[in-house]
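Student: One structure, as structure tokens, below. Some questions next.
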Amino acid sequence: METKSDIKLRTLLDRRTPGHSLEQEFYTSDSVFQADLEFIFGRHWIYVGVEPDVSEPGDVMTIEIGTASILIIRDDNAQVRAFHNVCRHRGARLVDDAKTSVGNLVCRYHAWTYNLEGTLLFADHMTGDFDKSCRGLKPVHIRSVAGLLFICLSDTPPVDIDEMSEVITPYILPHDVVGCKVAHTSEIVEDGNWKLTMENNRECYHCTANHPELMNALFAFGFGYAPSEDNAEAADEARYREQVAVAKTTWNKAHLPSAEIEHLDDRPTGYRCERLIIDRHGESQTMDTHVASQKLLGTLTTPKLGGLSFWTQPNSWHHFMSDHIVTISAIPVGPEKTLVRTKWLVHKDAVEGVDYTVENLSAVWKATNHQDGDLVAMVQRGVRSPAYAPGPYSPFTEGLVEKFCSWYVARMSAELG
Amino acid sequence: MANGRQMYNVKLSRSGREFSCAADTTVLEGAKLAGFRLPSSCCQGMCSTCKSKLISGTVDMKANGGIVQREIDKGFILLCCSKPTSDLVIEK
């Protein structure tokens, strides 16, 4: 049955002005937030982590999305599986830790015991017509895309993840995610709606003024710009074009795909990727733009390869360099709270203190995340005001923000039915 | 030796309790025979309810998925499927 809040939501979706930020309710209302959890985070492929999070059989990671808790597990056959973190007896949460290692999954309430395939092995004092085979853990759909883990809480996940996987795998594979280890993880809770977190990620209009550390390495030109009449900026632009041309030759020789592929708003599993040059020494997103880890990833042999960037709807962005990977997920926590989880990956044989230090590895994105969190909170405080009205996006620098919003509106409308 | 069976002394370090456990009896069963009930459930080496730290001594353990190598390396055992092969001190 269609509820009052469904009707309100449909009205808001239908009257959205393209090319403009969303109306206030999308960023502040609890009923829109609940609909986001149900229609976006409940029915699309959500990026949750990497295969190296659960590298050994028995490794377990828990992920919280809304009221759902999901177990990501490496089973004894080295296959990654996902289950709801709920005992089939009386519903107790099975695993409390964010990460742990187990032989079997055991509920500490009455010791119901499941193996890593989710099969119920042991339930004491249950006799008669009790059938253990009907009480296995509830599975959750999970896909590894070149080592990046996506889950879908729906019984019928979007099938277009196959297509994304096929396209993006040759881009990511040279960086060998599976051959990495998680060197460092950070979690920050931004005081803003998850859509503001994502919109902020989808433009670099704000970068020059707000991200001095990141802008050591990035060219804002890589993210769109208005052709300038300013001579100084035109010179920068010319330098950028020249360096891209040189880099393309190197990338082609190394068989590294680099062309932009963009499907952000024309499908349920929206994504975009592109290999971009890095400024100065050109190697990595670090303070000095040199590699942060001396052990290069996979079969890569040269440090100066720029960075492959990969963005997915609704909740992730990733940067793959020759020496390390920065991979970020955004998970809604409340209408005005979003968890941003960042992982830094290095070659699994790289030794901390010898090949890399966490401080150098994480300095740029720690600073950038902190700055972004501050910006998102600032926007959240502003959009709460009665004076807030949707404002126009720059057609040059905010085209991808528009694509995020148009994807969101289209997916919500489709799922609302 | 008792009645021709090899016996070992088992000490529980926290409670200070001690008992004798035969070499062909699991530590959990030995404790029960001595009148001490320790937390347990499946008694098949699966559920890990009886997982405990072995402070000193050696056991013959036949676990059934209830403990991982990393835990064994840190000195943990499952009392329900471990038979003593020396005197033991267990953190309990």
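Residue numbering restarts at 1 in every chain; chains get A, B, ... in the order shown in the structure tokens, and ligands count up from 1 in that same order.
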Check every residue of chain A for an atom within 6 Å of chain B, counting only C-alpha atoms, and provide those that qualify as a list in words.
Tutor: Gly103, Asn104, Val106 and Thr113 of chain A
Student: Find the spatial neighbours of Val27 of chain B, counting only C-alpha atoms, within a cut-off of 10 Å - ignore same-chain residues fewer than 5 positions away - and output them as a list in words.
Tutor: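 Returned residues: Val10, Phe19, Ser20, Cys21, Ala22, Lys32, Leu33, Leu38, Val59, Leu78, Leu79, Cys80, Cys81, Ser82, Lys83, Pro84, Leu88 and Ile90 of chain B.
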Student: According to DSSP computed on the backbone, where in chain B is there helix (DSSP H, G or I)? Give the residues as number ranges by chain.
Tutor: B: 27-33, 69-73, 79-81
Student: Using only all heavy atoms, please write the residues we just selected to a file, as a short mmCIF file (atom, residue, chain, number, x, y, z; two decimals), in the first residue's frame.
Tutor:
data_model
loop_
_atom_site.label_atom_id
_atom_site.label_comp_id
_atom_site.auth_asym_id
_atom_site.auth_seq_id
_atom_site.Cartn_x
_atom_site.Cartn_y
_atom_site.Cartn_z
N VAL B 27 40.07 -33.11 29.45
CA VAL B 27 40.19 -32.22 30.61
C VAL B 27 38.80 -31.84 31.12
O VAL B 27 38.55 -31.79 32.33
CB VAL B 27 41.01 -30.95 30.26
CG1 VAL B 27 41.09 -30.02 31.46
CG2 VAL B 27 42.40 -31.34 29.78
N LEU B 28 37.87 -31.63 30.20
CA LEU B 28 36.50 -31.25 30.59
C LEU B 28 35.85 -32.38 31.41
O LEU B 28 35.25 -32.14 32.46
CB LEU B 28 35.65 -30.96 29.35
CG LEU B 28 34.24 -30.44 29.62
CD1 LEU B 28 34.28 -29.04 30.23
CD2 LEU B 28 33.41 -30.45 28.35
N GLU B 29 36.01 -33.60 30.91
CA GLU B 29 35.43 -34.77 31.58
C GLU B 29 36.13 -34.99 32.93
O GLU B 29 35.46 -35.27 33.94
CB GLU B 29 35.58 -36.00 30.67
CG GLU B 29 34.91 -37.27 31.17
CD GLU B 29 33.39 -37.17 31.27
OE1 GLU B 29 32.81 -36.24 30.66
OE2 GLU B 29 32.80 -38.01 31.99
N GLY B 30 37.44 -34.82 32.94
CA GLY B 30 38.20 -34.97 34.18
C GLY B 30 37.74 -33.98 35.24
O GLY B 30 37.59 -34.32 36.42
N ALA B 31 37.49 -32.75 34.83
CA ALA B 31 37.02 -31.72 35.76
C ALA B 31 35.65 -32.12 36.31
O ALA B 31 35.38 -32.00 37.50
CB ALA B 31 36.94 -30.37 35.04
N LYS B 32 34.80 -32.63 35.43
CA LYS B 32 33.44 -33.01 35.82
C LYS B 32 33.48 -34.16 36.85
O LYS B 32 32.77 -34.13 37.85
CB LYS B 32 32.69 -33.45 34.56
CG LYS B 32 31.18 -33.52 34.72
CD LYS B 32 30.56 -33.76 33.36
CE LYS B 32 29.14 -34.30 33.49
NZ LYS B 32 28.64 -34.75 32.18
N LEU B 33 34.37 -35.13 36.58
CA LEU B 33 34.52 -36.27 37.50
C LEU B 33 34.99 -35.80 38.88
O LEU B 33 34.64 -36.39 39.90
CB LEU B 33 35.50 -37.31 36.93
CG LEU B 33 35.00 -38.08 35.71
CD1 LEU B 33 36.13 -38.90 35.09
CD2 LEU B 33 33.82 -38.99 36.08
N GLN B 69 44.04 -22.13 13.94
CA GLN B 69 45.48 -22.29 14.18
C GLN B 69 46.05 -21.10 14.95
O GLN B 69 46.87 -21.26 15.84
CB GLN B 69 46.22 -22.50 12.86
CG GLN B 69 47.67 -22.91 13.03
CD GLN B 69 47.82 -24.21 13.82
OE1 GLN B 69 47.10 -25.18 13.59
NE2 GLN B 69 48.73 -24.22 14.79
N ARG B 70 45.57 -19.91 14.59
CA ARG B 70 46.07 -18.70 15.25
C ARG B 70 45.82 -18.74 16.76
O ARG B 70 46.63 -18.28 17.55
CB ARG B 70 45.34 -17.48 14.67
CG ARG B 70 46.21 -16.63 13.77
CD ARG B 70 45.38 -15.55 13.14
NE ARG B 70 44.92 -15.99 11.82
CZ ARG B 70 44.29 -15.22 10.96
NH1 ARG B 70 44.00 -13.98 11.27
NH2 ARG B 70 43.95 -15.67 9.79
N GLU B 71 44.66 -19.30 17.15
CA GLU B 71 44.35 -19.41 18.58
C GLU B 71 45.21 -20.49 19.23
O GLU B 71 45.69 -20.32 20.35
CB GLU B 71 42.86 -19.75 18.76
CG GLU B 71 41.93 -18.64 18.27
CD GLU B 71 40.48 -19.07 18.20
OE1 GLU B 71 40.18 -20.15 17.62
OE2 GLU B 71 39.64 -18.33 18.72
N ILE B 72 45.41 -21.58 18.49
CA ILE B 72 46.26 -22.67 19.01
C ILE B 72 47.67 -22.13 19.22
O ILE B 72 48.31 -22.39 20.24
CB ILE B 72 46.26 -23.86 18.02
CG1 ILE B 72 44.84 -24.45 17.93
CG2 ILE B 72 47.26 -24.93 18.46
CD1 ILE B 72 44.64 -25.45 16.80
N ASP B 73 48.14 -21.33 18.24
CA ASP B 73 49.49 -20.74 18.35
C ASP B 73 49.61 -19.84 19.59
O ASP B 73 50.69 -19.68 20.15
CB ASP B 73 49.82 -19.91 17.10
CG ASP B 73 49.94 -20.79 15.85
OD1 ASP B 73 50.05 -22.03 16.02
OD2 ASP B 73 49.89 -20.24 14.73
N LEU B 79 38.77 -27.66 25.89
CA LEU B 79 38.88 -28.62 27.00
C LEU B 79 38.12 -29.91 26.69
O LEU B 79 38.47 -30.97 27.17
CB LEU B 79 38.32 -28.00 28.29
CG LEU B 79 38.98 -26.70 28.76
CD1 LEU B 79 38.34 -26.25 30.07
CD2 LEU B 79 40.48 -26.87 28.93
N CYS B 80 37.07 -29.82 25.84
CA CYS B 80 36.20 -30.98 25.60
C CYS B 80 36.87 -32.04 24.73
O CYS B 80 36.39 -33.16 24.66
CB CYS B 80 34.89 -30.54 24.99
SG CYS B 80 35.02 -30.07 23.24
N CYS B 81 37.93 -31.67 24.02
CA CYS B 81 38.54 -32.65 23.11
C CYS B 81 40.07 -32.66 23.28
O CYS B 81 40.79 -32.98 22.35
CB CYS B 81 38.13 -32.36 21.67
SG CYS B 81 38.51 -30.70 21.14
#
Student: Rank A:Asn85, A:Asp124, A:Ser186, A:Ile72 by their smallest atom-to-atom distance to Arg143 of chain A, using only C-alpha atoms, and report the top residue only.
Tutor: A:Ile72
Student: Considering only C-alpha atoms, state which residue in the set B:Met61, B:Ala23, B:Val89, B:Leu12 is at the smallest distance from Ile77 of chain B.
Tutor: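 Once distances to Ile77 of chain B are computed over only C-alpha atoms, the minimum belongs to B:Met61.
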Student: Compare A:Lys348, A:His263, A:His318, A:Lys8 by their minimum atom-to-atom distance to Gln294 of chain A, counting only C-alpha atoms, and give me the closest one.
Tutor: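 With only C-alpha atoms as the atom set, the closest residue is A:Lys348.
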Student: Any idea what's packed within 8 Å of Lys92 of chain B, counting only C-alpha atoms, ignoring anything in its chain fewer than 4 positions away? Could you give it as a ChimeraX atom specification?
Tutor: /B:12-15,52-53
Student: I need the residues from that last selection saved to file as a compact mmCIF listing (two decimals), in the first residue's frame (with C-alpha atoms), if you can.
Tutor:
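Writing the result to selection_1.txt gives the following:
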# COMPACT_ATOMS: atom_id res chain seq x y z
CA LEU B 12 43.02 -24.06 37.35
CA SER B 13 45.02 -20.87 37.88
CA ARG B 14 42.24 -18.39 38.63
CA SER B 15 40.17 -20.47 41.04
CA SER B 52 40.63 -21.86 27.44
CA LYS B 53 44.23 -20.77 27.68
Student: Mind pulling up the distance from atom CA of Val167 of chain A to atom CA of Ile328 of chain A?
Tutor: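 These atoms are spaced 20.3 Å apart.
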Student: When DSSP works through the backbone of this structure, what residues of segment 228-273 of chain A end up as strand (DSSP E), shown as a count of residues only?
Tutor: 6
Student: What is the distance, in Å and to one decimal place, between atom CA of Pro386 of chain A and atom CA of Thr28 of chain A?
Tutor: 11.9 Å
